[in-house]
file model.txt (compact mmCIF, C-alpha atoms)
# COMPACT_ATOMS: atom_id res chain seq x y z
CA MET M 1 154.43 18.12 -48.62
CA ASN M 2 152.20 21.09 -47.78
CA ALA M 3 152.17 22.04 -44.12
CA VAL M 4 149.08 21.08 -42.16
CA PRO M 5 147.78 24.10 -40.20
CA LEU M 6 146.84 22.03 -37.18
CA ASN M 7 148.22 21.76 -33.65
CA THR M 8 149.65 18.26 -33.44
CA VAL M 9 150.83 16.46 -30.30
CA PHE M 10 152.78 13.18 -30.40
CA LEU M 11 152.23 11.61 -26.98
CA ASP M 12 154.86 8.84 -26.99
CA ALA M 13 157.42 9.64 -29.68
CA ALA M 14 160.20 7.84 -27.79
CA THR M 15 158.61 4.54 -28.80
CA LEU M 16 159.94 5.25 -32.30
CA THR M 17 163.60 5.77 -31.43
CA PRO M 18 166.14 3.68 -29.46
CA GLU M 19 166.88 4.59 -25.85
CA SER M 20 170.54 4.92 -26.82
CA HIS M 21 169.68 7.96 -28.96
CA TYR M 22 167.38 10.34 -27.14
CA SER M 23 168.79 12.51 -24.37
CA VAL M 24 165.63 12.85 -22.28
CA LYS M 25 166.25 11.55 -18.77
CA ASP M 26 162.64 11.39 -17.58
CA VAL M 27 160.37 10.39 -20.47
CA PHE M 28 157.32 11.65 -18.54
CA GLY M 29 158.89 14.91 -17.37
CA ASP M 30 157.57 18.34 -18.30
CA ASP M 31 160.66 18.89 -20.45
CA SER M 32 160.47 15.49 -22.13
CA GLN M 33 160.13 16.80 -25.68
CA LEU M 34 162.30 15.21 -28.35
CA ASP M 35 164.45 17.37 -30.60
CA MET M 36 162.89 17.31 -34.09
CA SER M 37 165.48 19.49 -35.82
CA PRO M 38 167.36 18.11 -38.84
CA GLY M 39 170.23 15.87 -37.79
CA SER M 40 168.96 15.57 -34.23
CA ASN M 41 170.75 12.95 -32.14
CA ASP M 42 167.42 12.02 -30.56
CA TRP M 43 166.59 9.94 -33.65
CA ASP M 44 168.20 7.10 -35.58
CA ILE M 45 165.60 7.65 -38.31
CA ASP M 46 164.69 10.85 -40.14
CA PRO M 47 161.52 12.45 -38.69
CA GLN M 48 161.52 15.37 -41.12
CA SER M 49 158.63 14.03 -43.21
CA LEU M 50 156.45 14.34 -40.11
CA VAL M 51 157.85 17.76 -39.22
CA LYS M 52 157.12 19.03 -42.74
CA ALA M 53 153.56 17.65 -42.60
CA CYS M 54 152.78 19.65 -39.45
CA GLN M 55 152.79 23.36 -38.84
CA ASN M 56 152.80 23.03 -35.05
CA LEU M 57 154.23 19.72 -33.80
CA THR M 58 155.10 18.86 -30.20
CA CYS M 59 156.73 15.47 -29.63
CA TYR M 60 156.74 14.22 -26.05
CA ALA M 61 158.96 11.26 -25.26
CA GLY M 62 156.17 9.70 -23.20
CA THR M 63 152.88 10.70 -21.61
CA ARG M 64 151.07 9.36 -18.56
CA THR M 65 147.28 9.18 -18.49
CA ASP M 66 147.09 12.09 -16.03
CA GLN M 67 149.10 14.30 -18.41
CA ILE M 68 147.02 13.81 -21.57
CA ILE M 69 144.39 16.50 -21.02
CA GLN M 70 146.85 19.23 -20.11
CA ARG M 71 149.15 18.43 -23.03
CA CYS M 72 146.35 18.05 -25.59
CA GLN M 73 143.83 20.71 -24.53
CA SER M 74 144.39 22.74 -27.69
CA ALA M 75 145.39 19.85 -29.94
CA ASP M 76 143.68 19.33 -33.28
CA VAL M 77 145.63 16.14 -33.89
CA ILE M 78 147.01 13.52 -31.49
CA ILE M 79 149.58 10.95 -32.54
CA THR M 80 149.75 7.94 -30.22
CA ASN M 81 151.51 4.63 -30.41
CA LYS M 82 150.32 3.00 -27.20
CA VAL M 83 148.96 5.82 -24.99
CA VAL M 84 145.31 4.94 -24.32
CA LEU M 85 142.63 7.39 -25.44
CA ASP M 86 139.31 6.28 -23.97
CA GLN M 87 135.88 7.90 -23.94
CA THR M 88 136.51 9.82 -20.72
CA ILE M 89 139.64 11.41 -22.16
CA LEU M 90 138.17 12.12 -25.60
CA GLN M 91 135.18 13.91 -24.08
CA GLN M 92 137.57 16.42 -22.50
CA LEU M 93 139.25 17.30 -25.81
CA PRO M 94 136.68 19.36 -27.73
CA ASN M 95 139.17 20.64 -30.31
CA LEU M 96 140.35 17.19 -31.36
CA LYS M 97 139.76 16.40 -35.02
CA LEU M 98 142.11 13.51 -35.78
CA ILE M 99 143.87 10.67 -33.97
CA CYS M 100 146.81 9.16 -35.84
CA ILE M 101 147.68 5.76 -34.39
CA ALA M 102 151.38 5.08 -34.89
CA ALA M 103 150.74 1.37 -35.23
CA THR M 104 148.47 -1.16 -36.92
CA GLY M 105 146.53 -2.24 -33.83
CA THR M 106 143.75 0.06 -32.66
CA ASN M 107 142.86 -1.31 -29.23
CA ASN M 108 144.33 1.74 -27.42
CA VAL M 109 141.71 4.10 -28.89
CA ASP M 110 137.98 4.00 -28.15
CA LEU M 111 136.84 3.98 -31.76
CA ALA M 112 133.13 4.16 -30.91
CA ALA M 113 133.68 7.24 -28.76
CA ALA M 114 135.80 8.85 -31.47
CA LYS M 115 133.10 8.24 -34.06
CA ALA M 116 130.41 9.66 -31.76
CA GLN M 117 132.46 12.85 -31.36
CA GLY M 118 133.24 13.18 -35.06
CA ILE M 119 136.95 12.48 -34.53
CA ALA M 120 138.69 10.82 -37.45
CA VAL M 121 141.09 7.97 -36.69
CA THR M 122 143.85 6.59 -38.90
CA ASN M 123 146.36 3.78 -38.46
CA VAL M 124 149.34 2.42 -40.40
CA ALA M 125 149.18 -1.12 -41.71
CA GLY M 126 151.81 -3.22 -43.43
CA TYR M 127 154.84 -1.14 -42.46
CA SER M 128 156.49 -3.80 -40.29
CA THR M 129 155.66 -7.12 -41.96
CA GLN M 130 159.24 -8.15 -42.77
CA SER M 131 160.49 -6.88 -39.41
CA VAL M 132 157.98 -9.05 -37.53
CA VAL M 133 158.75 -12.05 -39.73
CA GLN M 134 162.46 -11.66 -38.95
CA ILE M 135 161.86 -11.61 -35.19
CA CYS M 136 159.45 -14.53 -35.49
CA PHE M 137 162.09 -16.70 -37.11
CA SER M 138 164.77 -15.42 -34.76
CA LEU M 139 162.69 -16.81 -31.90
CA LEU M 140 162.06 -20.05 -33.75
CA LEU M 141 165.72 -20.58 -34.65
CA TYR M 142 166.84 -19.76 -31.12
CA LEU M 143 164.57 -22.47 -29.75
CA SER M 144 164.87 -25.11 -32.45
CA SER M 145 168.66 -24.83 -32.71
CA GLY M 146 169.25 -24.72 -28.96
CA LEU M 147 171.32 -21.57 -29.27
CA SER M 148 171.34 -20.84 -25.55
CA SER M 149 172.99 -24.18 -24.76
CA LEU M 150 175.44 -23.79 -27.64
CA GLN M 151 176.49 -20.36 -26.39
CA ALA M 152 176.88 -21.71 -22.86
CA ALA M 153 179.01 -24.55 -24.21
CA THR M 154 181.61 -22.10 -25.53
CA GLU M 155 181.79 -20.01 -22.39
CA ASN M 156 184.46 -20.46 -19.72
CA ALA M 157 186.70 -22.31 -22.20
CA GLY M 158 184.24 -25.20 -22.37
CA TRP M 159 184.81 -25.84 -26.08
CA ALA M 160 188.50 -24.97 -25.88
CA SER M 161 189.06 -27.74 -23.33
CA HIS M 162 186.79 -30.26 -25.03
CA HIS M 163 188.14 -33.64 -26.16
CA GLN M 164 186.97 -33.44 -29.80
CA PHE M 165 186.21 -30.89 -32.54
CA VAL M 166 182.45 -30.89 -31.98
CA MET M 167 180.77 -30.13 -28.69
CA LEU M 168 177.09 -31.02 -28.86
CA PRO M 169 175.46 -30.26 -25.50
CA GLN M 170 172.06 -31.39 -26.73
CA ALA M 171 170.34 -32.48 -29.91
CA PHE M 172 168.71 -29.82 -32.05
CA GLN M 173 166.10 -30.06 -34.77
CA GLN M 174 166.16 -28.89 -38.36
CA LEU M 175 163.04 -27.15 -39.62
CA ALA M 176 162.84 -28.96 -42.95
CA GLY M 177 160.00 -31.45 -42.86
CA LYS M 178 158.39 -29.93 -39.76
CA THR M 179 154.81 -28.67 -39.78
CA LEU M 180 154.02 -25.04 -38.98
CA GLY M 181 150.49 -24.10 -37.95
CA ILE M 182 149.60 -20.45 -38.49
CA LEU M 183 146.79 -18.72 -36.60
CA GLY M 184 145.98 -15.53 -38.49
CA TYR M 185 146.64 -15.54 -42.23
CA GLY M 186 146.88 -11.84 -43.00
CA ALA M 187 149.92 -10.12 -44.47
CA ILE M 188 152.25 -11.20 -41.65
CA GLY M 189 150.91 -14.74 -41.45
CA LYS M 190 151.35 -15.17 -45.20
CA ALA M 191 154.88 -13.75 -45.09
CA VAL M 192 155.77 -16.15 -42.26
CA ALA M 193 154.40 -18.99 -44.37
CA ASP M 194 156.61 -17.96 -47.31
CA VAL M 195 159.75 -18.05 -45.16
CA ALA M 196 158.70 -21.36 -43.60
CA ARG M 197 158.35 -22.91 -47.04
CA ALA M 198 161.86 -21.68 -47.87
CA PHE M 199 162.98 -23.81 -44.90
CA GLU M 200 161.00 -26.67 -46.51
CA MET M 201 158.44 -26.69 -43.73
CA LYS M 202 154.86 -27.79 -44.32
CA VAL M 203 152.38 -24.98 -43.59
CA ILE M 204 148.80 -25.43 -42.41
CA VAL M 205 146.40 -22.60 -41.53
CA ALA M 206 143.93 -22.52 -38.67
CA GLN M 207 140.25 -21.68 -38.78
CA LEU M 208 139.99 -18.91 -36.20
CA PRO M 209 137.15 -18.88 -33.65
CA GLY M 210 134.27 -16.61 -34.60
CA ARG M 211 135.31 -16.41 -38.26
CA PRO M 212 133.33 -17.77 -41.23
CA ALA M 213 134.73 -21.05 -42.49
CA GLY M 214 137.57 -20.30 -44.89
CA TYR M 215 139.03 -22.21 -47.79
CA ASN M 216 141.72 -24.68 -46.78
CA ARG M 217 141.43 -23.79 -43.09
CA MET M 218 141.67 -26.40 -40.37
CA ALA M 219 139.82 -26.36 -37.06
CA LEU M 220 142.09 -26.06 -34.03
CA PRO M 221 141.32 -29.52 -32.58
CA GLN M 222 142.52 -31.06 -35.86
CA LEU M 223 145.37 -28.62 -36.52
CA LEU M 224 147.18 -28.46 -33.19
CA PRO M 225 148.09 -32.17 -32.85
CA LYS M 226 149.71 -32.03 -36.31
CA CYS M 227 151.96 -29.05 -35.60
CA ASP M 228 155.62 -28.99 -34.64
CA VAL M 229 155.41 -25.21 -34.41
CA VAL M 230 152.37 -23.01 -33.76
CA SER M 231 152.71 -19.31 -34.61
CA LEU M 232 150.18 -16.65 -33.59
CA HIS M 233 149.43 -13.77 -35.98
CA CYS M 234 145.78 -13.07 -35.26
CA PRO M 235 144.15 -9.97 -33.76
CA LEU M 236 143.16 -9.81 -30.10
CA ASN M 237 139.39 -9.66 -29.71
CA ASP M 238 136.60 -11.29 -27.72
CA ASN M 239 136.97 -14.51 -29.71
CA THR M 240 140.75 -14.79 -29.30
CA ASN M 241 141.31 -13.43 -25.80
CA LYS M 242 143.29 -16.12 -23.90
CA LEU M 243 142.76 -18.46 -26.84
CA VAL M 244 145.93 -20.30 -25.84
CA GLY M 245 144.84 -21.88 -22.58
CA ASP M 246 144.87 -25.28 -20.94
CA GLU M 247 142.72 -26.95 -23.60
CA PHE M 248 144.67 -25.45 -26.50
CA LEU M 249 148.02 -26.43 -24.99
CA SER M 250 146.83 -29.95 -24.20
CA LEU M 251 146.24 -30.49 -27.93
CA MET M 252 149.80 -29.57 -28.86
CA LYS M 253 152.60 -32.14 -29.15
CA PRO M 254 155.01 -32.38 -26.19
CA SER M 255 157.78 -31.70 -28.73
CA SER M 256 156.12 -28.62 -30.22
CA LEU M 257 157.00 -24.93 -29.97
CA LEU M 258 154.69 -21.93 -29.55
CA LEU M 259 155.49 -18.50 -31.05
CA ASN M 260 153.65 -15.25 -30.40
CA THR M 261 154.55 -12.04 -32.22
CA ALA M 262 150.95 -10.76 -32.25
CA ARG M 263 149.32 -9.75 -28.95
CA GLY M 264 150.10 -10.97 -25.45
CA GLY M 265 146.43 -11.28 -24.52
CA LEU M 266 146.06 -14.22 -26.90
CA ILE M 267 147.71 -16.37 -24.23
CA ASP M 268 146.63 -17.41 -20.75
CA GLU M 269 150.08 -16.79 -19.32
CA GLN M 270 149.72 -18.94 -16.22
CA ALA M 271 148.52 -21.85 -18.35
CA LEU M 272 151.53 -21.49 -20.65
CA ALA M 273 153.93 -21.21 -17.73
CA ASN M 274 152.51 -24.43 -16.31
CA ALA M 275 152.80 -26.17 -19.67
CA LEU M 276 156.45 -25.14 -20.05
CA LEU M 277 157.33 -26.21 -16.53
CA ASN M 278 155.64 -29.61 -16.77
CA GLY M 279 156.85 -30.37 -20.29
CA SER M 280 153.44 -30.30 -21.99
CA ILE M 281 155.15 -28.42 -24.82
CA ALA M 282 158.84 -28.07 -25.61
CA GLY M 283 159.25 -24.32 -25.65
CA ALA M 284 157.89 -20.85 -26.38
CA GLY M 285 159.19 -17.75 -28.11
CA LEU M 286 157.31 -14.56 -27.27
CA ASP M 287 157.72 -10.97 -28.38
CA VAL M 288 154.60 -9.80 -26.54
CA LEU M 289 153.04 -10.16 -23.09
CA SER M 290 149.56 -9.35 -21.81
CA THR M 291 150.73 -6.23 -19.98
CA GLU M 292 153.63 -4.14 -21.26
CA PRO M 293 155.89 -3.30 -19.54
CA PRO M 294 155.16 -6.57 -17.72
CA ASP M 295 154.54 -7.00 -14.05
CA LYS M 296 157.64 -8.41 -12.38
CA ASN M 297 155.48 -11.31 -11.19
CA ASN M 298 154.36 -12.29 -14.67
CA PRO M 299 154.47 -16.11 -14.59
CA LEU M 300 156.32 -16.27 -17.90
CA LEU M 301 159.25 -14.35 -16.42
CA ASN M 302 159.83 -17.08 -13.84
CA ALA M 303 163.56 -17.83 -13.90
CA GLU M 304 162.78 -21.53 -13.43
CA ILE M 305 161.32 -21.68 -16.94
CA ARG M 306 164.34 -22.45 -19.09
CA ASN M 307 162.58 -23.35 -22.36
CA ILE M 308 161.38 -19.85 -23.20
CA ILE M 309 162.70 -16.71 -24.81
CA VAL M 310 160.90 -13.39 -24.29
CA THR M 311 161.79 -10.25 -26.23
CA PRO M 312 160.36 -6.82 -25.30
CA HIS M 313 157.84 -6.23 -28.13
CA VAL M 314 160.43 -5.28 -30.73
CA GLY M 315 159.13 -7.25 -33.71
CA TRP M 316 157.68 -4.17 -35.38
CA ALA M 317 160.64 -1.93 -34.65
CA SER M 318 163.44 -2.47 -37.15
CA GLN M 319 165.01 0.81 -38.22
CA GLN M 320 163.54 0.48 -41.70
CA ALA M 321 160.04 -0.26 -40.36
CA ARG M 322 160.12 2.75 -38.03
CA GLN M 323 161.17 5.02 -40.90
CA THR M 324 158.30 3.72 -43.00
CA LEU M 325 155.94 4.24 -40.08
CA ILE M 326 156.87 7.88 -39.53
CA ASN M 327 156.62 8.57 -43.27
CA GLU M 328 153.16 6.98 -43.33
CA LEU M 329 152.05 9.11 -40.37
CA ALA M 330 153.07 12.19 -42.33
CA LYS M 331 151.08 11.02 -45.35
CA ASN M 332 148.02 10.33 -43.19
CA LEU M 333 148.19 13.86 -41.75
CA THR M 334 148.56 15.48 -45.14
CA ALA M 335 145.73 13.42 -46.59
CA PHE M 336 143.43 14.46 -43.75
CA GLU M 337 144.17 18.13 -44.39
CA HIS M 338 143.30 17.61 -48.04
CA LYS M 339 140.10 15.74 -47.10
CA ASN M 340 141.46 12.52 -48.57
CA PRO M 341 140.36 9.51 -46.43
CA ARG M 342 143.71 7.73 -46.32
CA ASN M 343 144.07 4.78 -43.89
CA ARG M 344 140.89 5.89 -42.15
CA ILE M 345 139.37 3.44 -39.69
CA VAL M 346 136.88 5.99 -38.32
call {"tool": "encode", "arguments": {"input": "model.txt", "output": "structure tokens"}}
result
Amino acid sequence: MNAVPLNTVFLDAATLTPESHYSVKDVFGDDSQLDMSPGSNDWDIDPQSLVKACQNLTCYAGTRTDQIIQRCQSADVIITNKVVLDQTILQQLPNLKLICIAATGTNNVDLAAAKAQGIAVTNVAGYSTQSVVQICFSLLLYLSSGLSSLQAATENAGWASHHQFVMLPQAFQQLAGKTLGILGYGAIGKAVADVARAFEMKVIVAQLPGRPAGYNRMALPQLLPKCDVVSLHCPLNDNTNKLVGDEFLSLMKPSSLLLNTARGGLIDEQALANALLNGSIAGAGLDVLSTEPPDKNNPLLNAEIRNIIVTPHVGWASQQARQTLINELAKNLTAFEHKNPRNRIV
């Protein structure tokens, strides 16, 4: 690739590499830059495609809001995964020409403000589909197979001292014949449906609020009572914010499971906590919460809720997906330099 003669700042590069790799102690410290040299131990993926696409690249492990202006004052390009760039910040960065979002979702950048200032914005779509699908089914299998109780049954010599060859602490359900309801039938939703059908599940697709009626889509009041599993793959917007609330949950079967590998804000977390505690639904598997990192008082982290598994927003982050992501960022940068509107959303 030809080098891009632009000053580029990556605000939160540590989101793309495991904590076990990078040596930075304080991700927000003044010396929190990641080593981008070939073979660097700060990475489990190869960042050289991005290095080669940039003439001047600075990669901070993490950046607080109050550090953005100082770090980006002379930046032509900002790369951000989840650092928020709002109108107030953008107005203080007169040199900024391009924002590369290191993700598919764009809710951390004020797109209207960027457009008004003539700042181009790109994202990366489709890089993590199989990674998200894998985590989605990991959550589902954990819940449907009762893996936590099975693991507990083998601990402390429980199985070793059992009276027969099988130790079945509780019944578990097979997925074959169950009905999966999918909310959001884009690339990830369709890939989830493909895997579900491999398990011989029946798949039905929801009509999302605020969307034109689609072919073979079912309204939520009709869909939810039919589902054994409901999986969320829709964007977070005004129509879907806290979509999963008391009314939504009341329409689900008491034996059903809820999965969310999309956005935490799709769920009214107190309503879901109540539903799990009172048995309105059987369980939930979540890879996202409304605020990340979560508040320690988040109701879904209540230790009394036993029928839930929460993972820390890792669905997108398989090693292969992160490598694809960094390669796509490099291609977006190079395309911008060559005036090629690649993955442009503004």
call {"tool": "residues_near_point", "arguments": {"input": "model.txt", "point": "(143.1, -26.6, -37.5)", "cutoff": "12 Å", "atoms": "only C-alpha atoms", "output": "PyMOL selection string"}}
result
chain M and resi 180-184+203-209+213-227+230+248+251-252
call {"tool": "atom_distance", "arguments": {"input": "model.txt", "atom1": "atom CA of Gln319 of chain M", "atom2": "atom CA of Asp287 of chain M"}}
result
17.0 Å
call {"tool": "atom_distance", "arguments": {"input": "model.txt", "atom1": "atom CA of Val27 of chain M", "atom2": "atom CA of Ile79 of chain M"}}
result
16.2 Å
call {"tool": "closest_residue", "arguments": {"input": "model.txt", "among": "M:Pro169, M:Pro47, M:Gly283, M:Pro299", "to": "Glu269 of chain M", "atoms": "only C-alpha atoms"}}
result
M:Pro299
call {"tool": "residues_near_point", "arguments": {"input": "model.txt", "point": "(156.5, 11.6, -14.8)", "cutoff": "9 Å", "atoms": "all atoms listed in the file", "output": "compact mmCIF listing (two decimals) with C-alpha atoms, in the frame of the given file"}}
result
# COMPACT_ATOMS: atom_id res chain seq x y z
CA ASP M 26 162.64 11.39 -17.58
CA VAL M 27 160.37 10.39 -20.47
CA PHE M 28 157.32 11.65 -18.54
CA GLY M 29 158.89 14.91 -17.37
CA ASP M 30 157.57 18.34 -18.30
CA GLY M 62 156.17 9.70 -23.20
CA THR M 63 152.88 10.70 -21.61
CA ARG M 64 151.07 9.36 -18.56
CA GLN M 67 149.10 14.30 -18.41
call {"tool": "closest_residue", "arguments": {"input": "model.txt", "among": "M:Ser318, M:Tyr60, M:Asn307, M:Leu259", "to": "Leu139 of chain M", "atoms": "only C-alpha atoms"}}
result
M:Leu259
call {"tool": "atom_distance", "arguments": {"input": "model.txt", "atom1": "atom CA of Asn95 of chain M", "atom2": "atom CA of Asp76 of chain M"}}
result
5.6 Å
call {"tool": "closest_residue", "arguments": {"input": "model.txt", "among": "M:Met201, M:Ile281, M:Ala330, M:Ile119", "to": "Leu57 of chain M", "atoms": "all atoms listed in the file"}}
result
M:Ala330
call {"tool": "closest_atom_pairs", "arguments": {"input": "model.txt", "of": "segment 179-290 of chain M", "to": "segment 97-118 of chain M", "cutoff": "10 Å", "atoms": "all atoms listed in the file", "output": "tab-separated table"}}
result
residue	atom	partner	partner_atom	distance
M:Pro235	CA	M:Gly105	CA	8.1
M:Leu236	CA	M:Asn107	CA	8.5
M:Asn237	CA	M:Asn107	CA	9.1
M:Ala262	CA	M:Gly105	CA	9.7
M:Arg263	CA	M:Gly105	CA	9.4
call {"tool": "closest_residue", "arguments": {"input": "model.txt", "among": "M:Cys234, M:Leu96, M:Ala284, M:Ile89", "to": "Asn7 of chain M", "atoms": "only C-alpha atoms"}}
result
M:Leu96
call {"tool": "residues_around", "arguments": {"input": "model.txt", "residues": "Asn302 of chain M", "least_positions_apart": "5", "cutoff": "10 Å", "atoms": "only C-alpha atoms", "output": "PDB file with C-alpha atoms, in the frame of the given file"}}
result
ATOM      1  CA  ALA M 273     153.930 -21.210 -17.730  1.00  0.00           C
ATOM      2  CA  LEU M 277     157.330 -26.210 -16.530  1.00  0.00           C
ATOM      3  CA  LYS M 296     157.640  -8.410 -12.380  1.00  0.00           C
ATOM      4  CA  ASN M 297     155.480 -11.310 -11.190  1.00  0.00           C
ATOM      5  CA  ILE M 308     161.380 -19.850 -23.200  1.00  0.00           C
TER       6      ILE M 308
END
call {"tool": "closest_residue", "arguments": {"input": "model.txt", "among": "M:Ala53, M:Ile309, M:Ala153, M:Leu143", "to": "Ser255 of chain M", "atoms": "only C-alpha atoms"}}
result
M:Leu143
call {"tool": "residues_around", "arguments": {"input": "model.txt", "residues": "Asn56 of chain M", "least_positions_apart": "4", "cutoff": "12 Å", "atoms": "all atoms listed in the file", "output": "ChimeraX atom specification"}}
result
/M:3-10,36,50-52,74-78
call {"tool": "axis_aligned_box", "arguments": {"input": "model.txt", "around": "segment 6-15 of chain M", "padding_each_side": "3 Å", "output": "AutoDock Vina command-line options"}}
result
--center_x 153.5 --center_y 13.3 --center_z -32.1 --size_x 19.4 --size_y 23.5 --size_z 16.2
call {"tool": "closest_residue", "arguments": {"input": "model.txt", "among": "M:Ser32, M:Ser40, M:Gln55, M:Asn156", "to": "Leu333 of chain M", "atoms": "only C-alpha atoms"}}
result
M:Gln55
call {"tool": "residues_around", "arguments": {"input": "model.txt", "residues": "segment 133-136 of chain M", "least_positions_apart": "5", "cutoff": "7 Å", "atoms": "all atoms listed in the file", "output": "list in words"}}
result
Ile188, Ala191, Val192, Thr261 and Gly315 of chain M
